[in-house]
$ cat target-v3.cif   # mmCIF, N, CA and C atoms
data_my_file
#
loop_
_atom_site.group_PDB
_atom_site.id
_atom_site.type_symbol
_atom_site.label_atom_id
_atom_site.label_comp_id
_atom_site.auth_asym_id
_atom_site.auth_seq_id
_atom_site.Cartn_x
_atom_site.Cartn_y
_atom_site.Cartn_z
ATOM 1 N N MET A 234 -10.130 13.942 6.839
ATOM 2 C CA MET A 234 -10.272 14.292 5.444
ATOM 3 C C MET A 234 -11.743 14.181 5.074
ATOM 4 N N ASN A 235 -12.248 15.187 4.397
ATOM 5 C CA ASN A 235 -13.657 15.144 4.006
ATOM 6 C C ASN A 235 -13.827 14.478 2.634
ATOM 7 N N TYR A 236 -15.076 14.238 2.268
ATOM 8 C CA TYR A 236 -15.356 13.496 1.035
ATOM 9 C C TYR A 236 -14.938 14.261 -0.224
ATOM 10 N N LYS A 237 -15.018 15.583 -0.205
ATOM 11 C CA LYS A 237 -14.594 16.378 -1.368
ATOM 12 C C LYS A 237 -13.100 16.179 -1.633
ATOM 13 N N ASP A 238 -12.297 16.223 -0.569
ATOM 14 C CA ASP A 238 -10.857 16.012 -0.720
ATOM 15 C C ASP A 238 -10.560 14.592 -1.193
ATOM 16 N N MET A 239 -11.292 13.630 -0.646
ATOM 17 C CA MET A 239 -11.104 12.235 -1.071
ATOM 18 C C MET A 239 -11.459 12.083 -2.543
ATOM 19 N N GLU A 240 -12.550 12.732 -2.955
ATOM 20 C CA GLU A 240 -12.976 12.634 -4.350
ATOM 21 C C GLU A 240 -11.896 13.174 -5.288
ATOM 22 N N GLN A 241 -11.286 14.304 -4.919
ATOM 23 C CA GLN A 241 -10.227 14.871 -5.755
ATOM 24 C C GLN A 241 -9.059 13.903 -5.901
ATOM 25 N N LEU A 242 -8.747 13.167 -4.846
ATOM 26 C CA LEU A 242 -7.651 12.193 -4.911
ATOM 27 C C LEU A 242 -8.008 10.980 -5.759
ATOM 28 N N ILE A 243 -9.214 10.449 -5.581
ATOM 29 C CA ILE A 243 -9.549 9.187 -6.247
ATOM 30 C C ILE A 243 -9.917 9.355 -7.716
ATOM 31 N N LEU A 244 -10.181 10.571 -8.159
ATOM 32 C CA LEU A 244 -10.516 10.771 -9.568
ATOM 33 C C LEU A 244 -9.282 10.766 -10.463
ATOM 34 N N LYS A 245 -8.104 10.830 -9.860
ATOM 35 C CA LYS A 245 -6.866 10.739 -10.627
ATOM 36 C C LYS A 245 -6.554 9.259 -10.869
ATOM 37 N N PRO A 246 -6.051 8.920 -12.065
ATOM 38 C CA PRO A 246 -5.780 7.503 -12.350
ATOM 39 C C PRO A 246 -4.611 6.922 -11.565
ATOM 40 N N TRP A 247 -3.646 7.762 -11.174
ATOM 41 C CA TRP A 247 -2.466 7.307 -10.448
ATOM 42 C C TRP A 247 -2.343 8.093 -9.159
ATOM 43 N N ILE A 248 -1.813 7.438 -8.122
ATOM 44 C CA ILE A 248 -1.666 8.095 -6.825
ATOM 45 C C ILE A 248 -0.261 7.823 -6.294
ATOM 46 N N ASP A 249 0.338 8.861 -5.698
ATOM 47 C CA ASP A 249 1.685 8.709 -5.151
ATOM 48 C C ASP A 249 1.623 8.487 -3.642
ATOM 49 N N THR A 250 2.784 8.423 -3.016
ATOM 50 C CA THR A 250 2.862 8.148 -1.577
ATOM 51 C C THR A 250 2.134 9.210 -0.761
ATOM 52 N N ASN A 251 2.273 10.476 -1.149
ATOM 53 C CA ASN A 251 1.592 11.542 -0.414
ATOM 54 C C ASN A 251 0.074 11.397 -0.507
ATOM 55 N N GLY A 252 -0.425 11.020 -1.669
ATOM 56 C CA GLY A 252 -1.860 10.798 -1.833
ATOM 57 C C GLY A 252 -2.348 9.623 -1.000
ATOM 58 N N ILE A 253 -1.537 8.570 -0.933
ATOM 59 C CA ILE A 253 -1.889 7.413 -0.102
ATOM 60 C C ILE A 253 -1.931 7.822 1.366
ATOM 61 N N MET A 254 -0.965 8.663 1.780
ATOM 62 C CA MET A 254 -0.949 9.137 3.161
ATOM 63 C C MET A 254 -2.253 9.863 3.506
ATOM 64 N N LYS A 255 -2.714 10.703 2.593
ATOM 65 C CA LYS A 255 -3.943 11.455 2.834
ATOM 66 C C LYS A 255 -5.160 10.539 2.823
ATOM 67 N N LEU A 256 -5.220 9.661 1.839
ATOM 68 C CA LEU A 256 -6.381 8.782 1.683
ATOM 69 C C LEU A 256 -6.499 7.788 2.828
ATOM 70 N N ALA A 257 -5.385 7.221 3.248
ATOM 71 C CA ALA A 257 -5.400 6.213 4.309
ATOM 72 C C ALA A 257 -5.240 6.831 5.700
ATOM 73 N N GLU A 258 -4.983 8.141 5.727
ATOM 74 C CA GLU A 258 -4.740 8.853 6.986
ATOM 75 C C GLU A 258 -3.681 8.125 7.814
ATOM 76 N N CYS A 259 -2.513 7.969 7.185
ATOM 77 C CA CYS A 259 -1.411 7.260 7.830
ATOM 78 C C CYS A 259 -0.118 8.042 7.628
ATOM 79 N N GLY A 260 0.943 7.539 8.195
ATOM 80 C CA GLY A 260 2.248 8.164 8.056
ATOM 81 C C GLY A 260 2.943 7.740 6.775
ATOM 82 N N LYS A 261 4.101 8.335 6.541
ATOM 83 C CA LYS A 261 4.839 8.078 5.310
ATOM 84 C C LYS A 261 5.307 6.631 5.200
ATOM 85 N N ASN A 262 5.814 6.065 6.294
ATOM 86 C CA ASN A 262 6.305 4.686 6.239
ATOM 87 C C ASN A 262 5.194 3.705 5.901
ATOM 88 N N THR A 263 4.022 3.893 6.482
ATOM 89 C CA THR A 263 2.886 3.020 6.183
ATOM 90 C C THR A 263 2.443 3.191 4.740
ATOM 91 N N ALA A 264 2.427 4.435 4.258
ATOM 92 C CA ALA A 264 2.033 4.694 2.869
ATOM 93 C C ALA A 264 3.015 4.044 1.899
ATOM 94 N N ILE A 265 4.296 4.100 2.217
ATOM 95 C CA ILE A 265 5.305 3.454 1.368
ATOM 96 C C ILE A 265 5.105 1.939 1.388
ATOM 97 N N LYS A 266 4.782 1.388 2.548
ATOM 98 C CA LYS A 266 4.528 -0.055 2.659
ATOM 99 C C LYS A 266 3.331 -0.451 1.794
ATOM 100 N N ILE A 267 2.262 0.342 1.841
ATOM 101 C CA ILE A 267 1.070 0.074 1.024
ATOM 102 C C ILE A 267 1.437 0.131 -0.453
ATOM 103 N N ARG A 268 2.152 1.188 -0.866
ATOM 104 C CA ARG A 268 2.545 1.345 -2.260
ATOM 105 C C ARG A 268 3.427 0.186 -2.720
ATOM 106 N N THR A 269 4.362 -0.230 -1.870
ATOM 107 C CA THR A 269 5.265 -1.329 -2.207
ATOM 108 C C THR A 269 4.506 -2.643 -2.365
ATOM 109 N N GLU A 270 3.551 -2.904 -1.491
ATOM 110 C CA GLU A 270 2.746 -4.128 -1.600
ATOM 111 C C GLU A 270 1.932 -4.128 -2.887
ATOM 112 N N ILE A 271 1.376 -2.983 -3.245
ATOM 113 C CA ILE A 271 0.600 -2.889 -4.487
ATOM 114 C C ILE A 271 1.516 -3.079 -5.691
ATOM 115 N N GLU A 272 2.715 -2.471 -5.650
ATOM 116 C CA GLU A 272 3.683 -2.670 -6.734
ATOM 117 C C GLU A 272 4.038 -4.148 -6.883
ATOM 118 N N GLN A 273 4.226 -4.829 -5.761
ATOM 119 C CA GLN A 273 4.565 -6.249 -5.807
ATOM 120 C C GLN A 273 3.413 -7.069 -6.387
ATOM 121 N N ASN A 274 2.173 -6.715 -6.050
ATOM 122 C CA ASN A 274 1.007 -7.403 -6.617
ATOM 123 C C ASN A 274 0.954 -7.223 -8.131
ATOM 124 N N ILE A 275 1.278 -6.021 -8.594
ATOM 125 C CA ILE A 275 1.291 -5.752 -10.037
ATOM 126 C C ILE A 275 2.345 -6.622 -10.714
ATOM 127 N N ILE A 276 3.532 -6.702 -10.118
ATOM 128 C CA ILE A 276 4.616 -7.516 -10.676
ATOM 129 C C ILE A 276 4.235 -8.995 -10.661
ATOM 130 N N ASP A 277 3.586 -9.445 -9.569
ATOM 131 C CA ASP A 277 3.159 -10.844 -9.463
ATOM 132 C C ASP A 277 2.136 -11.215 -10.532
ATOM 133 N N MET A 278 1.364 -10.232 -11.015
ATOM 134 C CA MET A 278 0.380 -10.482 -12.077
ATOM 135 C C MET A 278 1.044 -10.521 -13.446
ATOM 136 N N GLY A 279 2.360 -10.289 -13.479
ATOM 137 C CA GLY A 279 3.081 -10.328 -14.745
ATOM 138 C C GLY A 279 3.086 -8.996 -15.469
ATOM 139 N N LEU A 280 2.695 -7.944 -14.789
ATOM 140 C CA LEU A 280 2.667 -6.615 -15.392
ATOM 141 C C LEU A 280 3.868 -5.820 -14.913
ATOM 142 N N LYS A 281 4.073 -4.667 -15.518
ATOM 143 C CA LYS A 281 5.210 -3.835 -15.133
ATOM 144 C C LYS A 281 4.721 -2.563 -14.460
ATOM 145 N N VAL A 282 5.519 -2.105 -13.510
ATOM 146 C CA VAL A 282 5.243 -0.841 -12.827
ATOM 147 C C VAL A 282 6.006 0.242 -13.571
ATOM 148 N N PRO A 283 5.349 1.355 -13.907
ATOM 149 C CA PRO A 283 6.064 2.415 -14.614
ATOM 150 C C PRO A 283 7.252 2.936 -13.802
ATOM 151 N N VAL A 284 8.343 3.187 -14.486
ATOM 152 C CA VAL A 284 9.536 3.726 -13.839
ATOM 153 C C VAL A 284 9.416 5.249 -13.867
ATOM 154 N N ALA A 285 9.509 5.845 -12.692
ATOM 155 C CA ALA A 285 9.409 7.302 -12.599
ATOM 156 C C ALA A 285 10.160 7.770 -11.365
ATOM 157 N N ARG A 286 10.468 9.045 -11.356
ATOM 158 C CA ARG A 286 11.160 9.608 -10.194
ATOM 159 C C ARG A 286 10.242 9.567 -8.983
ATOM 160 N N VAL A 287 8.972 9.959 -9.184
ATOM 161 C CA VAL A 287 7.968 9.870 -8.124
ATOM 162 C C VAL A 287 7.155 8.611 -8.385
ATOM 163 N N LYS A 288 7.288 7.631 -7.509
ATOM 164 C CA LYS A 288 6.611 6.360 -7.714
ATOM 165 C C LYS A 288 5.109 6.516 -7.502
ATOM 166 N N LYS A 289 4.347 5.952 -8.446
ATOM 167 C CA LYS A 289 2.896 6.005 -8.374
ATOM 168 C C LYS A 289 2.330 4.629 -8.689
ATOM 169 N N VAL A 290 1.131 4.383 -8.157
ATOM 170 C CA VAL A 290 0.411 3.143 -8.425
ATOM 171 C C VAL A 290 -1.012 3.507 -8.840
ATOM 172 N N PRO A 291 -1.712 2.593 -9.504
ATOM 173 C CA PRO A 291 -3.087 2.882 -9.902
ATOM 174 C C PRO A 291 -3.977 3.144 -8.678
ATOM 175 N N THR A 292 -4.732 4.212 -8.752
ATOM 176 C CA THR A 292 -5.619 4.596 -7.650
ATOM 177 C C THR A 292 -6.634 3.498 -7.365
ATOM 178 N N ARG A 293 -7.110 2.848 -8.411
ATOM 179 C CA ARG A 293 -8.104 1.763 -8.260
ATOM 180 C C ARG A 293 -7.582 0.671 -7.335
ATOM 181 N N LEU A 294 -6.299 0.324 -7.484
ATOM 182 C CA LEU A 294 -5.715 -0.723 -6.644
ATOM 183 C C LEU A 294 -5.559 -0.268 -5.195
ATOM 184 N N VAL A 295 -5.282 1.022 -4.995
ATOM 185 C CA VAL A 295 -5.186 1.550 -3.632
ATOM 186 C C VAL A 295 -6.555 1.496 -2.962
ATOM 187 N N LEU A 296 -7.599 1.866 -3.707
ATOM 188 C CA LEU A 296 -8.954 1.814 -3.153
ATOM 189 C C LEU A 296 -9.333 0.383 -2.775
ATOM 190 N N GLU A 297 -8.973 -0.575 -3.627
ATOM 191 C CA GLU A 297 -9.247 -1.984 -3.317
ATOM 192 C C GLU A 297 -8.474 -2.406 -2.074
ATOM 193 N N TYR A 298 -7.229 -2.024 -1.991
ATOM 194 C CA TYR A 298 -6.376 -2.391 -0.852
ATOM 195 C C TYR A 298 -6.954 -1.846 0.447
ATOM 196 N N LEU A 299 -7.432 -0.611 0.408
ATOM 197 C CA LEU A 299 -7.962 0.032 1.610
ATOM 198 C C LEU A 299 -9.424 -0.318 1.874
ATOM 199 N N GLY A 300 -10.072 -0.972 0.921
ATOM 200 C CA GLY A 300 -11.475 -1.341 1.093
ATOM 201 C C GLY A 300 -12.423 -0.156 0.997
ATOM 202 N N LEU A 301 -12.072 0.821 0.156
ATOM 203 C CA LEU A 301 -12.907 2.007 -0.007
ATOM 204 C C LEU A 301 -13.757 1.878 -1.264
ATOM 205 N N ASP A 302 -14.982 2.373 -1.193
ATOM 206 C CA ASP A 302 -15.919 2.316 -2.314
ATOM 207 C C ASP A 302 -15.908 3.654 -3.046
ATOM 208 N N GLU A 303 -15.409 3.633 -4.272
ATOM 209 C CA GLU A 303 -15.281 4.854 -5.068
ATOM 210 C C GLU A 303 -16.634 5.529 -5.290
ATOM 211 N N ASN A 304 -17.647 4.755 -5.631
ATOM 212 C CA ASN A 304 -18.976 5.324 -5.897
ATOM 213 C C ASN A 304 -19.562 5.990 -4.658
ATOM 214 N N TYR A 305 -19.370 5.390 -3.495
ATOM 215 C CA TYR A 305 -19.874 5.959 -2.251
ATOM 216 C C TYR A 305 -19.194 7.296 -1.952
ATOM 217 N N ILE A 306 -17.893 7.352 -2.149
ATOM 218 C CA ILE A 306 -17.154 8.596 -1.896
ATOM 219 C C ILE A 306 -17.636 9.705 -2.812
ATOM 220 N N ILE A 307 -17.818 9.387 -4.085
ATOM 221 C CA ILE A 307 -18.293 10.387 -5.058
ATOM 222 C C ILE A 307 -19.701 10.833 -4.705
ATOM 223 N N GLN A 308 -20.555 9.901 -4.316
ATOM 224 C CA GLN A 308 -21.920 10.243 -3.939
ATOM 225 C C GLN A 308 -21.928 11.155 -2.704
ATOM 226 N N MET A 309 -21.150 10.830 -1.698
ATOM 227 C CA MET A 309 -21.105 11.644 -0.474
ATOM 228 C C MET A 309 -20.476 13.008 -0.752
ATOM 229 N N ALA A 310 -19.542 13.086 -1.675
ATOM 230 C CA ALA A 310 -18.919 14.370 -2.017
ATOM 231 C C ALA A 310 -19.922 15.299 -2.701
ATOM 232 N N SER A 311 -20.859 14.722 -3.422
ATOM 233 C CA SER A 311 -21.864 15.563 -4.113
ATOM 234 C C SER A 311 -22.849 16.183 -3.114
ATOM 235 N N TYR A 312 -22.996 15.581 -1.928
ATOM 236 C CA TYR A 312 -23.884 16.129 -0.912
ATOM 237 C C TYR A 312 -23.212 17.245 -0.117
ATOM 238 N N SER A 313 -21.890 17.301 -0.156
ATOM 239 C CA SER A 313 -21.158 18.301 0.638
ATOM 240 C C SER A 313 -21.248 19.670 0.028
#

$ encode --input "target-v3.cif" --output "structure tokens"
Amino acid sequence: MNYKDMEQLILKPWIDTNGIMKLAECGKNTAIKIRTEIEQNIIDMGLKVPVARVKKVPTRLVLEYLGLDENYIIQMASYS
């Protein structure tokens, strides 16, 4: 995945399992595991996860989980 594609994903406030799969370059089961762990962290903080047919989590938390730097991705995407 190139930086332009990553930038398009991370600029959205919420990300679903398919977006996690692309961002983390992993399979569906791993992406679901990542999403579930993030959902559990949100619940542990005393917050609620929005109820929806397509489950989504905040993109910011996915970036933190994966150790990705949003500013670096945006900067590299501008050079492409």

$ resolve_selection --input "target-v3.cif" --expression "the PyMOL selection byres (((chain A and resi 241-244 and name CA) around 10) and name CA)" --output "number ranges by chain"
A: 236-240, 245-249, 252-253, 255-256, 291-293, 295-296, 303, 306-307, 310

$ select_by_dssp --input "target-v3.cif" --residues "chain A" --states "strand (DSSP E)" --output "MDAnalysis selection string"
chainID A and resid 247:249 289:291

$ write_last_selection --input "target-v3.cif" --atoms "N, CA and C atoms" --output "PDB file, keeping the file's coordinate frame"
ATOM      1  N   TRP A 247      -3.646   7.762 -11.174  1.00  0.00           N
ATOM      2  CA  TRP A 247      -2.466   7.307 -10.448  1.00  0.00           C
ATOM      3  C   TRP A 247      -2.343   8.093  -9.159  1.00  0.00           C
ATOM      4  N   ILE A 248      -1.813   7.438  -8.122  1.00  0.00           N
ATOM      5  CA  ILE A 248      -1.666   8.095  -6.825  1.00  0.00           C
ATOM      6  C   ILE A 248      -0.261   7.823  -6.294  1.00  0.00           C
ATOM      7  N   ASP A 249       0.338   8.861  -5.698  1.00  0.00           N
ATOM      8  CA  ASP A 249       1.685   8.709  -5.151  1.00  0.00           C
ATOM      9  C   ASP A 249       1.623   8.487  -3.642  1.00  0.00           C
ATOM     10  N   LYS A 289       4.347   5.952  -8.446  1.00  0.00           N
ATOM     11  CA  LYS A 289       2.896   6.005  -8.374  1.00  0.00           C
ATOM     12  C   LYS A 289       2.330   4.629  -8.689  1.00  0.00           C
ATOM     13  N   VAL A 290       1.131   4.383  -8.157  1.00  0.00           N
ATOM     14  CA  VAL A 290       0.411   3.143  -8.425  1.00  0.00           C
ATOM     15  C   VAL A 290      -1.012   3.507  -8.840  1.00  0.00           C
ATOM     16  N   PRO A 291      -1.712   2.593  -9.504  1.00  0.00           N
ATOM     17  CA  PRO A 291      -3.087   2.882  -9.902  1.00  0.00           C
ATOM     18  C   PRO A 291      -3.977   3.144  -8.678  1.00  0.00           C
TER      19      PRO A 291
END

$ closest_residue --input "target-v3.cif" --among "A:Leu280, A:Met234, A:Ala285, A:Ile271" --to "Glu297 of chain A" --atoms "only C-alpha atoms"
A:Ile271

$ atom_distance --input "target-v3.cif" --atom1 "atom CA of Cys259 of chain A" --atom2 "atom CA of Ser313 of chain A"
23.7 Å

$ residues_around --input "target-v3.cif" --residues "Lys281 of chain A" --least-positions-apart "4" --cutoff "12 Å" --atoms "only C-alpha atoms" --output "list in words"
Ile271, Glu272, Gln273, Asn274, Ile275, Ile276, Asp277, Val290 and Pro291 of chain A

$ atom_distance --input "target-v3.cif" --atom1 "atom CA of Asn304 of chain A" --atom2 "atom N of Glu258 of chain A"
18.4 Å

$ closest_residue --input "target-v3.cif" --among "A:Arg286, A:Thr250, A:Tyr298, A:Tyr312" --to "Asn262 of chain A" --atoms "only C-alpha atoms"
A:Thr250

$ select_by_dssp --input "target-v3.cif" --residues "chain A" --states "helix (DSSP H, G or I)" --output "MDAnalysis selection string"
chainID A and resid 236:243 250:257 261:277 292:299 303:312

$ atom_distance --input "target-v3.cif" --atom1 "atom N of Pro283 of chain A" --atom2 "atom C of Ile265 of chain A"
15.3 Å

$ decode --input "target-v3.cif" --residues "segment 288-300 of chain A" --atoms "all heavy atoms" --output "mmCIF file, in the first residue's frame"
data_model
loop_
_atom_site.group_PDB
_atom_site.id
_atom_site.type_symbol
_atom_site.label_atom_id
_atom_site.label_comp_id
_atom_site.auth_asym_id
_atom_site.auth_seq_id
_atom_site.Cartn_x
_atom_site.Cartn_y
_atom_site.Cartn_z
ATOM 1 N N LYS A 288 -19.192 -2.571 12.065
ATOM 2 C CA LYS A 288 -18.474 -2.105 13.242
ATOM 3 C C LYS A 288 -17.273 -1.260 12.834
ATOM 4 O O LYS A 288 -16.504 -1.638 11.954
ATOM 5 C CB LYS A 288 -18.020 -3.282 14.093
ATOM 6 C CG LYS A 288 -19.173 -4.028 14.710
ATOM 7 C CD LYS A 288 -18.691 -5.084 15.649
ATOM 8 C CE LYS A 288 -19.864 -5.767 16.313
ATOM 9 N NZ LYS A 288 -19.438 -6.677 17.351
ATOM 10 N N LYS A 289 -17.137 -0.113 13.510
ATOM 11 C CA LYS A 289 -16.032 0.793 13.243
ATOM 12 C C LYS A 289 -15.436 1.256 14.563
ATOM 13 O O LYS A 289 -16.105 1.269 15.591
ATOM 14 C CB LYS A 289 -16.506 2.016 12.451
ATOM 15 C CG LYS A 289 -17.004 1.676 11.063
ATOM 16 C CD LYS A 289 -17.386 2.911 10.306
ATOM 17 C CE LYS A 289 -17.830 2.546 8.901
ATOM 18 N NZ LYS A 289 -18.100 3.727 8.097
ATOM 19 N N VAL A 290 -14.154 1.621 14.500
ATOM 20 C CA VAL A 290 -13.452 2.165 15.657
ATOM 21 C C VAL A 290 -12.751 3.449 15.219
ATOM 22 O O VAL A 290 -12.524 3.664 14.030
ATOM 23 C CB VAL A 290 -12.434 1.156 16.243
ATOM 24 C CG1 VAL A 290 -13.135 -0.027 16.866
ATOM 25 C CG2 VAL A 290 -11.446 0.692 15.202
ATOM 26 N N PRO A 291 -12.395 4.309 16.168
ATOM 27 C CA PRO A 291 -11.699 5.540 15.804
ATOM 28 C C PRO A 291 -10.356 5.239 15.121
ATOM 29 O O PRO A 291 -9.567 4.428 15.606
ATOM 30 C CB PRO A 291 -11.485 6.242 17.147
ATOM 31 C CG PRO A 291 -12.541 5.682 18.040
ATOM 32 C CD PRO A 291 -12.724 4.268 17.595
ATOM 33 N N THR A 292 -10.129 5.902 14.014
ATOM 34 C CA THR A 292 -8.897 5.702 13.245
ATOM 35 C C THR A 292 -7.674 6.043 14.086
ATOM 36 O O THR A 292 -6.653 5.364 14.014
ATOM 37 C CB THR A 292 -8.928 6.562 11.969
ATOM 38 O OG1 THR A 292 -10.114 6.235 11.230
ATOM 39 C CG2 THR A 292 -7.721 6.319 11.104
ATOM 40 N N ARG A 293 -7.790 7.069 14.909
ATOM 41 C CA ARG A 293 -6.670 7.496 15.774
ATOM 42 C C ARG A 293 -6.193 6.349 16.656
ATOM 43 O O ARG A 293 -4.993 6.134 16.822
ATOM 44 C CB ARG A 293 -7.132 8.683 16.631
ATOM 45 C CG ARG A 293 -6.152 9.161 17.664
ATOM 46 C CD ARG A 293 -6.741 10.285 18.504
ATOM 47 N NE ARG A 293 -8.029 9.956 19.109
ATOM 48 C CZ ARG A 293 -8.175 9.272 20.246
ATOM 49 N NH1 ARG A 293 -7.122 8.855 20.905
ATOM 50 N NH2 ARG A 293 -9.376 9.023 20.738
ATOM 51 N N LEU A 294 -7.142 5.580 17.201
ATOM 52 C CA LEU A 294 -6.777 4.460 18.070
ATOM 53 C C LEU A 294 -6.124 3.324 17.287
ATOM 54 O O LEU A 294 -5.232 2.643 17.798
ATOM 55 C CB LEU A 294 -8.004 3.957 18.823
ATOM 56 C CG LEU A 294 -8.644 4.949 19.796
ATOM 57 C CD1 LEU A 294 -9.877 4.348 20.450
ATOM 58 C CD2 LEU A 294 -7.648 5.418 20.836
ATOM 59 N N VAL A 295 -6.553 3.127 16.039
ATOM 60 C CA VAL A 295 -5.927 2.102 15.200
ATOM 61 C C VAL A 295 -4.486 2.496 14.895
ATOM 62 O O VAL A 295 -3.576 1.669 14.950
ATOM 63 C CB VAL A 295 -6.729 1.880 13.895
ATOM 64 C CG1 VAL A 295 -6.008 0.924 12.965
ATOM 65 C CG2 VAL A 295 -8.124 1.371 14.207
ATOM 66 N N LEU A 296 -4.270 3.777 14.588
ATOM 67 C CA LEU A 296 -2.911 4.249 14.312
ATOM 68 C C LEU A 296 -2.013 4.067 15.535
ATOM 69 O O LEU A 296 -0.868 3.636 15.407
ATOM 70 C CB LEU A 296 -2.928 5.719 13.882
ATOM 71 C CG LEU A 296 -3.553 6.004 12.516
ATOM 72 C CD1 LEU A 296 -3.665 7.505 12.291
ATOM 73 C CD2 LEU A 296 -2.766 5.354 11.411
ATOM 74 N N GLU A 297 -2.546 4.366 16.717
ATOM 75 C CA GLU A 297 -1.774 4.168 17.950
ATOM 76 C C GLU A 297 -1.468 2.688 18.144
ATOM 77 O O GLU A 297 -0.350 2.319 18.500
ATOM 78 C CB GLU A 297 -2.553 4.700 19.155
ATOM 79 C CG GLU A 297 -2.612 6.199 19.244
ATOM 80 C CD GLU A 297 -3.477 6.675 20.396
ATOM 81 O OE1 GLU A 297 -3.826 5.861 21.292
ATOM 82 O OE2 GLU A 297 -3.827 7.870 20.404
ATOM 83 N N TYR A 298 -2.442 1.847 17.927
ATOM 84 C CA TYR A 298 -2.275 0.398 18.106
ATOM 85 C C TYR A 298 -1.195 -0.134 17.175
ATOM 86 O O TYR A 298 -0.364 -0.954 17.569
ATOM 87 C CB TYR A 298 -3.605 -0.306 17.848
ATOM 88 C CG TYR A 298 -3.570 -1.796 18.080
ATOM 89 C CD1 TYR A 298 -3.915 -2.324 19.310
ATOM 90 C CD2 TYR A 298 -3.190 -2.682 17.067
ATOM 91 C CE1 TYR A 298 -3.890 -3.691 19.539
ATOM 92 C CE2 TYR A 298 -3.155 -4.049 17.288
ATOM 93 C CZ TYR A 298 -3.506 -4.552 18.520
ATOM 94 O OH TYR A 298 -3.468 -5.903 18.743
ATOM 95 N N LEU A 299 -1.196 0.338 15.937
ATOM 96 C CA LEU A 299 -0.237 -0.144 14.944
ATOM 97 C C LEU A 299 1.103 0.583 15.013
ATOM 98 O O LEU A 299 2.058 0.186 14.346
ATOM 99 C CB LEU A 299 -0.822 -0.002 13.529
ATOM 100 C CG LEU A 299 -2.076 -0.826 13.236
ATOM 101 C CD1 LEU A 299 -2.619 -0.479 11.856
ATOM 102 C CD2 LEU A 299 -1.771 -2.313 13.337
ATOM 103 N N GLY A 300 1.173 1.653 15.792
ATOM 104 C CA GLY A 300 2.418 2.408 15.910
ATOM 105 C C GLY A 300 2.742 3.227 14.671
ATOM 106 O O GLY A 300 3.912 3.416 14.335
#
